[in-house]
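To start, the structure itself, in structure tokens.
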Amino acid sequence: MSDWIPTTCARCAVGCGHMQMGVDEGYGIDTVRGDGSHPVNHGLACQRGVTETADPDGEWLRRPLVRENGKLVETTWDDALDLVADRMGASIARDPHSVAVLGSGQQTNEAAYALGKFARGGIGTRHYDANTTLCMASAVAAYYQSFGSDAPPCTYDDIPEAQSHIIWGANPAAAHPVMFQWIQRSAMDDDSRLIVVDPVRTETAKAAHRHVQVAPGGDLALARAVLARVIGTDAFDRGFVHRATEGFDDLVADLPPTDEAAEQAGVSPTTVEYLADAMSFQTLIYWGMGINQSVRGTATSRALIDCCLATGNLRPGSGPFSLTGQANSMGTRVCSSKGTWPGHRPFDDPDARATVAEAWGVPRDRLPDDPGPGPVGIVDSIGQEVETVYTVATNPAVGLPDASAAAENLADAFLVTQDVFHTETTDLADVVLPAITWGETDGTLMNMERTVSRVHAATDTPDGVRSDLDIIAGLASRLYPDLLPDPPVDPAEVFAEFASLTAGTPADCSGISYDRLDAEQAVRWPAPDAESSTAYRYHDHDGDDESWSFETPSGSAQFSTVDTDATDLPELTDDDYPLTLTTAREADEYNTGIRTRSVDDPGDVTARVDPATVEAHLDGTTDTVRIESRRGVVPARVEPDPTIPEGMVWLPIHHPMTNDLTVPATDPQSDEPNYKQCAVRLQTDTTGVTHDEESADAREEVDA
């Protein structure tokens with residue numbers, strides 16, 4: 001009988017501890033359950049996390065593949081890596097920026113660090129990013145602008161202490177079910193309440209004391225209406241604002257009248273009063289993709305942080321708490337050098353670049369001096385600046401907005417794809433490098449509350465596949481022999497190098513080691529020594545005396561003002577496209593769904609539409625219909641659903657056809673795409689034309 005192996009679930013960013021048991025013979029995971037001793041989840045586990053770990057449904061990649069005569073055929077590891085090194089090396093010789101690298105929040109910290117070191121310190125390309133930018137970049141930009149540092153100040157320990165739980169543009173009942181149990185439990189106290197702000201009556205909204213049905217795209221207006229109400233009624237925390245913040249007067253001058261902003265948000269003034277009153281208590285504001293994935297994402301995230309600042313909710317038991325999606329989105333931000341150097345060293349700081357270059361043993365001028373244009377901009381650059389693309393644990397062929405155009409660009413590059421499962425991106429690749437997955441790999445992850453914990457392999461590595469870390473190191477050894485250790489690589493050695501490089505930074509992990517993690521199971525950063533593990537950030541208290549210190553130049557938190565010209569939605573409804581498309585997660589899916597669906601036969605996409613909208617636009621038809629945007633056409637089945645606002649079409653973000661419709665506009669402050677809003681129309685499907693043909697016709701019509 002195999003032994004139980006402790007590890008961390010990699011399904012989402014809650015960071016639950018699991019116990020896994022490998023099969024008695026051969027490869028694979030036999031049994032998974034929650035780890036009752038783990039300090040994060042104390043034994044709780046969601047069924048999807050258990051199922052996707054033990055028995056994912058995706059089509060496994062078994063051997064390296066290369067494209068010959070238009071087809072992918074099996075090859076050896078040496079031949080595959082030699083081919084990649086030759087083609088990539090030729091591109092680097094012409095221009096390092098002609099090589100693009102796209103990573104993922106599905107990698108371990110060690111693999112993310114190694115990939116960033118290879119991309120920035122080896123190749124020296126500015127065209128490097130990760131799919132975490134597609135979901136968290138707006139919150140990250142807001143944290144930096146408000147606090148001078150990334151990541152929420154609060155932790156899971158603050159949830160039981162909060163009295164008002166405001167979930168804004170997120171559905172943790174579906175996306176983070178273990179965390180939602182903690183929120184629900186706290187909100188059941190007599191002096192507590194749960195409020196959900198969302199256009200859709202989600203599973204989370206159904207469990208709330210009050211659902212605020214904001215108009216699609218109205219979140220920024222609503223947050224500013226609440227601020228105007230708090231300040232206009234003198235309900236702000238004057239002492240905190242004076243002692244710990246800057247920019248309050250500019251914020252006040254910038255705010256619209258409460259009633260005007262409430263009207264823009266599609267809510268009543270009494271609803272604004274209710275939200276403002278809720279924030280007079282100890283409040284946690286949680287937000288997710290409904291806020292971040294918008295051209296207004298950073299502005300709205302900052303407005304939610306402003307609500308916390310104005311009401312003094314920057315103390316334990318309160319604060320702004322962005323809900324992260326992917327398991328290691330936080331680790332990618334801290335480790336991978338995609339937007340900051342390791343430890344959140346500023347990318348444009350010459351001293352930080354010098355420190356990193358010296359630690360890596362590379363010339364300082366090899367390191368790019370800007371972080372690049374983001375994933376959308378990188379793929380748009382194919383055929384111009386970019387000619388070779390290396391993707392790791394990501395599926396941009398369907399995950400990027402305006403996905404058909406993105407796939408066309410990727411097909412024009414020399415494309416190297418490293419993944420566990422067959423994806424739409426591996427279908428386009430010139431070389432496919434098969435990697436191992438959860439339960440097969442060793443390393444660490446960071447959850448959304450800054451906690452680092454271990455992942456352990458519960459089964460051997462199958463023949464024909466390798467770890468992300470070994471694949472990256474194997475490629476690096478062919479191009480930059482001294483940059484990374486030769487495979488097989490010891491993850492502990494890589495983590496120790498990363499951790500030492502973060503010493504003295506805002507995200508200091510230098511006090512974390514594998515030995516410490518094995519003893520304590522989980523440690524929160526900043527952890528500058530072997531005894532430290534920081535709970536609430538920025539706040540300190542000695543008895544009744546409390547103080548705040550932020551990572552900004554002045555040490556004070558910063559209020560925001562809004563550039564209204566930069567926050568216009570990119571595509572409003574009109575007579576031709578009268579409905580608003582929004583996208584969101586389903587409970588049983590994550591990322592682009594490749595662990596739970598067939599790439600060759602993904603099944604019909606189901607559109608949830610209000611019954612009145614179905615009647616008005618489809619004469620009540622719910623069989624196969626066409627959803628059309630200015631970029632593509634998607635066949636869908638319609639599910640009449642009164643929880644969806646009238647005039648809206650809801651699609652699952654995980655389905656491979658959904659992003660054929662979405663608009664490629666991005667937040668100018670964060671490069672995060674505007675997935676949550678574009679204009680569409682519904683048509684009864686009577687043509688018999690295929691999805692691909694119709695999408696091409698739609699694109700030609702717009703181009704004309």
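Quick note on naming: the chains in the structure tokens go A, B, ... in the order shown, residues restart at 1 in each chain, and ligands are numbered from 1 in order of appearance.
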> Counting only C-alpha atoms, what is within 12 Å of segment 59-65 of chain A, bar same-chain residues fewer than 3 positions away, as a PyMOL selection string?
Replying inline: chain A and resi 55-56+68+70-84+415-424+426-437+461-466+471+593-602
> Got a sec to tell me which of segment 573-622 of chain A DSSP assigns to strand (DSSP E), as a PyMOL selection string?
Replying inline: chain A and resi 579-584+605-609
> Do you know which residues are at most 10 Å from His654 of chain A counting only C-alpha atoms, after dropping those on the same chain fewer than 6 positions away, and could you put them as an NGL selection string?
Replying inline: :A and (398-399 or 583-586 or 588-594 or 597 or 605)
Let me see the file: selected residues, N, CA and C atoms, as a CSV table (one decimal), in the first residue's frame.
chain,number,residue,atom,x,y,z
A,398,VAL,N,-7.1,29.9,-27.2
A,398,VAL,CA,-8.5,30.1,-26.8
A,398,VAL,C,-8.7,31.0,-25.6
A,399,GLY,N,-7.6,31.2,-24.8
A,399,GLY,CA,-7.7,32.0,-23.6
A,399,GLY,C,-7.6,33.5,-23.8
A,583,THR,N,-18.8,37.2,-19.3
A,583,THR,CA,-18.3,35.9,-19.1
A,583,THR,C,-18.0,35.6,-17.7
A,584,ALA,N,-18.0,34.4,-17.2
A,584,ALA,CA,-17.8,34.0,-15.8
A,584,ALA,C,-17.4,32.6,-15.7
A,585,ARG,N,-17.0,32.2,-14.5
A,585,ARG,CA,-16.6,30.8,-14.2
A,585,ARG,C,-17.8,30.0,-13.9
A,586,GLU,N,-17.7,28.7,-14.2
A,586,GLU,CA,-18.6,27.7,-13.8
A,586,GLU,C,-17.9,26.9,-12.6
A,588,ASP,N,-17.5,23.8,-12.1
A,588,ASP,CA,-16.7,22.6,-12.4
A,588,ASP,C,-15.6,22.8,-13.4
A,589,GLU,N,-15.3,24.1,-13.7
A,589,GLU,CA,-14.3,24.4,-14.7
A,589,GLU,C,-13.3,25.4,-14.1
A,590,TYR,N,-12.1,25.4,-14.7
A,590,TYR,CA,-11.1,26.3,-14.4
A,590,TYR,C,-10.2,26.6,-15.6
A,591,ASN,N,-9.6,27.8,-15.7
A,591,ASN,CA,-8.8,28.2,-16.8
A,591,ASN,C,-9.5,27.9,-18.1
A,592,THR,N,-8.9,27.3,-19.1
A,592,THR,CA,-9.6,27.0,-20.4
A,592,THR,C,-10.2,25.6,-20.4
A,593,GLY,N,-10.3,25.0,-19.2
A,593,GLY,CA,-11.1,23.8,-19.1
A,593,GLY,C,-10.5,22.5,-19.7
A,594,ILE,N,-9.2,22.6,-20.0
A,594,ILE,CA,-8.6,21.4,-20.7
A,594,ILE,C,-8.4,20.2,-19.8
A,597,ARG,N,-12.4,18.6,-20.3
A,597,ARG,CA,-13.1,18.5,-21.5
A,597,ARG,C,-12.2,18.0,-22.6
A,605,VAL,N,-21.7,25.2,-26.3
A,605,VAL,CA,-21.6,26.2,-25.3
A,605,VAL,C,-23.0,26.6,-25.0
> A:Arg450, A:Arg201, A:Arg11, A:Arg33: which is nearest Ser533 of chain A, counting only C-alpha atoms?
Replying inline: A:Arg450
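If you look at atom CA of Thr441 of chain A and atom CA of Asp460 of chain A, they are 8.7 Å away from each other.
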> So which bits of segment 232-466 of chain A end up alpha helix (DSSP H) when you DSSP the backbone, as a ChimeraX atom specification?
Replying inline: /A:232,238-244,248-254,258-265,269-278,289-292,297-310,329-335,350-360,374-380,396-399,403-412,424-428
Expected file: the selected residues, C-alpha atoms, as a CSV table (one decimal), in the first residue's frame:
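again-v9.csv, written as the output of this step:
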chain,number,residue,atom,x,y,z
A,232,GLY,CA,-20.9,63.6,2.3
A,238,ARG,CA,-11.0,61.2,10.0
A,239,GLY,CA,-8.3,60.0,12.3
A,240,PHE,CA,-7.1,57.2,10.0
A,241,VAL,CA,-7.3,59.4,6.9
A,242,HIS,CA,-5.2,62.1,8.6
A,243,ARG,CA,-2.6,59.7,10.0
A,244,ALA,CA,-2.2,57.1,7.3
A,248,PHE,CA,-8.0,62.7,0.3
A,249,ASP,CA,-8.8,66.2,-0.7
A,250,ASP,CA,-8.2,65.4,-4.4
A,251,LEU,CA,-10.5,62.4,-4.1
A,252,VAL,CA,-13.2,64.5,-2.6
A,253,ALA,CA,-12.9,67.1,-5.3
A,254,ASP,CA,-13.1,64.3,-8.0
A,258,THR,CA,-24.1,60.5,-4.9
A,259,ASP,CA,-27.4,60.3,-6.7
A,260,GLU,CA,-25.8,60.9,-10.1
A,261,ALA,CA,-23.3,58.1,-9.6
A,262,ALA,CA,-26.0,55.8,-8.3
A,263,GLU,CA,-28.0,56.4,-11.4
A,264,GLN,CA,-25.0,55.6,-13.6
A,265,ALA,CA,-24.6,52.3,-11.6
A,269,PRO,CA,-29.8,56.0,-3.6
A,270,THR,CA,-31.1,53.9,-0.7
A,271,THR,CA,-28.9,51.0,-1.9
A,272,VAL,CA,-25.9,53.3,-1.8
A,273,GLU,CA,-26.8,54.3,1.7
A,274,TYR,CA,-27.0,50.6,2.7
A,275,LEU,CA,-23.6,49.9,1.3
A,276,ALA,CA,-22.1,53.0,3.0
A,277,ASP,CA,-23.6,52.0,6.3
A,278,ALA,CA,-22.3,48.4,6.0
A,289,MET,CA,-12.7,38.9,-12.2
A,290,GLY,CA,-15.9,40.9,-12.5
A,291,ILE,CA,-13.9,43.9,-11.4
A,292,ASN,CA,-10.4,43.1,-12.8
A,297,GLY,CA,-10.3,47.2,-13.7
A,298,THR,CA,-7.5,49.2,-12.0
A,299,ALA,CA,-9.7,52.3,-11.5
A,300,THR,CA,-12.5,50.2,-9.9
A,301,SER,CA,-10.0,48.2,-7.8
A,302,ARG,CA,-8.6,51.4,-6.5
A,303,ALA,CA,-12.1,52.7,-5.8
A,304,LEU,CA,-12.8,49.7,-3.6
A,305,ILE,CA,-9.5,50.2,-1.8
A,306,ASP,CA,-10.5,53.9,-1.4
A,307,CYS,CA,-13.7,52.7,0.3
A,308,CYS,CA,-11.5,50.8,2.8
A,309,LEU,CA,-9.2,53.8,3.3
A,310,ALA,CA,-12.0,56.3,3.8
A,329,SER,CA,-0.9,33.5,-9.5
A,330,MET,CA,0.7,35.1,-6.4
A,331,GLY,CA,3.9,33.0,-6.8
A,332,THR,CA,4.2,34.0,-10.5
A,333,ARG,CA,4.0,37.7,-9.5
A,334,VAL,CA,6.7,37.3,-6.7
A,335,CYS,CA,9.0,34.8,-8.4
A,350,PRO,CA,18.6,50.5,-11.9
A,351,ASP,CA,19.8,49.2,-8.6
A,352,ALA,CA,17.3,46.4,-8.6
A,353,ARG,CA,18.4,45.4,-12.2
A,354,ALA,CA,22.0,45.5,-11.0
A,355,THR,CA,21.3,43.3,-8.0
A,356,VAL,CA,19.4,40.7,-10.2
A,357,ALA,CA,22.1,40.7,-12.9
A,358,GLU,CA,24.8,40.1,-10.4
A,359,ALA,CA,22.9,37.3,-8.7
A,360,TRP,CA,22.3,35.6,-12.0
A,374,GLY,CA,1.3,42.1,-21.7
A,375,PRO,CA,0.0,38.8,-23.3
A,376,VAL,CA,-2.4,40.5,-25.7
A,377,GLY,CA,0.3,42.9,-26.9
A,378,ILE,CA,2.8,40.0,-27.2
A,379,VAL,CA,0.6,37.9,-29.4
A,380,ASP,CA,-0.3,41.0,-31.5
A,396,PRO,CA,-3.6,31.4,-25.5
A,397,ALA,CA,-5.2,30.0,-28.6
A,398,VAL,CA,-8.5,30.1,-26.8
A,399,GLY,CA,-7.7,32.0,-23.6
A,403,ALA,CA,-9.2,34.2,-29.8
A,404,SER,CA,-9.5,33.4,-33.5
A,405,ALA,CA,-7.2,36.3,-34.3
A,406,ALA,CA,-4.8,35.2,-31.5
A,407,ALA,CA,-4.8,31.7,-32.9
A,408,GLU,CA,-4.0,32.9,-36.4
A,409,ASN,CA,-1.1,34.9,-35.0
A,410,LEU,CA,0.3,31.9,-33.0
A,411,ALA,CA,0.1,29.7,-36.1
A,412,ASP,CA,2.4,32.2,-37.9
A,424,GLU,CA,-5.9,24.1,-28.8
A,425,THR,CA,-2.4,25.7,-28.6
A,426,THR,CA,-0.6,22.3,-28.8
A,427,ASP,CA,-2.6,21.7,-32.0
A,428,LEU,CA,-0.9,24.8,-33.5
Need to verify the contact set: Glu385 of chain A, 12 Å, only C-alpha atoms, exclusion of same-chain residues closer than 5 positions in sequence. Can you return it as an mmCIF file with C-alpha atoms, in the first residue's frame?
data_model
loop_
_atom_site.group_PDB
_atom_site.id
_atom_site.type_symbol
_atom_site.label_atom_id
_atom_site.label_comp_id
_atom_site.auth_asym_id
_atom_site.auth_seq_id
_atom_site.Cartn_x
_atom_site.Cartn_y
_atom_site.Cartn_z
ATOM 1 C CA SER A 91 15.943 34.260 -33.399
ATOM 2 C CA ILE A 92 17.923 35.507 -30.381
ATOM 3 C CA ARG A 94 18.801 38.424 -34.802
ATOM 4 C CA ASP A 95 17.008 40.145 -31.892
ATOM 5 C CA PRO A 96 16.334 38.829 -28.342
ATOM 6 C CA HIS A 97 12.954 40.565 -28.404
ATOM 7 C CA SER A 98 11.905 38.403 -31.359
ATOM 8 C CA VAL A 99 11.414 35.556 -28.861
ATOM 9 C CA ALA A 100 8.261 35.633 -26.732
ATOM 10 C CA THR A 125 13.417 39.529 -24.028
ATOM 11 C CA ARG A 126 10.840 42.136 -23.080
ATOM 12 C CA HIS A 127 8.187 39.886 -24.648
ATOM 13 C CA PRO A 373 3.218 44.869 -23.490
ATOM 14 C CA GLY A 377 0.280 42.855 -26.941
ATOM 15 C CA ILE A 378 2.823 40.037 -27.215
ATOM 16 C CA VAL A 379 0.607 37.893 -29.447
ATOM 17 C CA ASP A 380 -0.333 40.975 -31.481
ATOM 18 C CA ALA A 413 5.119 31.861 -35.298
#
>> Residues within 8 Å of segment 501-510 of chain A, please, as a list in words. Count only C-alpha atoms; anything in the same chain fewer than 6 positions from it doesn't count.
In response: Ser149, Val334, Pro342, Gly343, His344, Arg345, Val356, Ala359, Trp525, Pro526, Ala527, Pro528, Asp529 and Glu551 of chain A
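Distances to Gln293 of chain A were evaluated for A:Leu134, A:Ala566, A:Ile5, A:Ala522 using only C-alpha atoms, and the minimum falls at A:Leu134.
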>> Can you measure atom CA of Pro316 of chain A to atom CA of Thr444 of chain A for me? One decimal in Å is fine.
In response: 26.9 Å
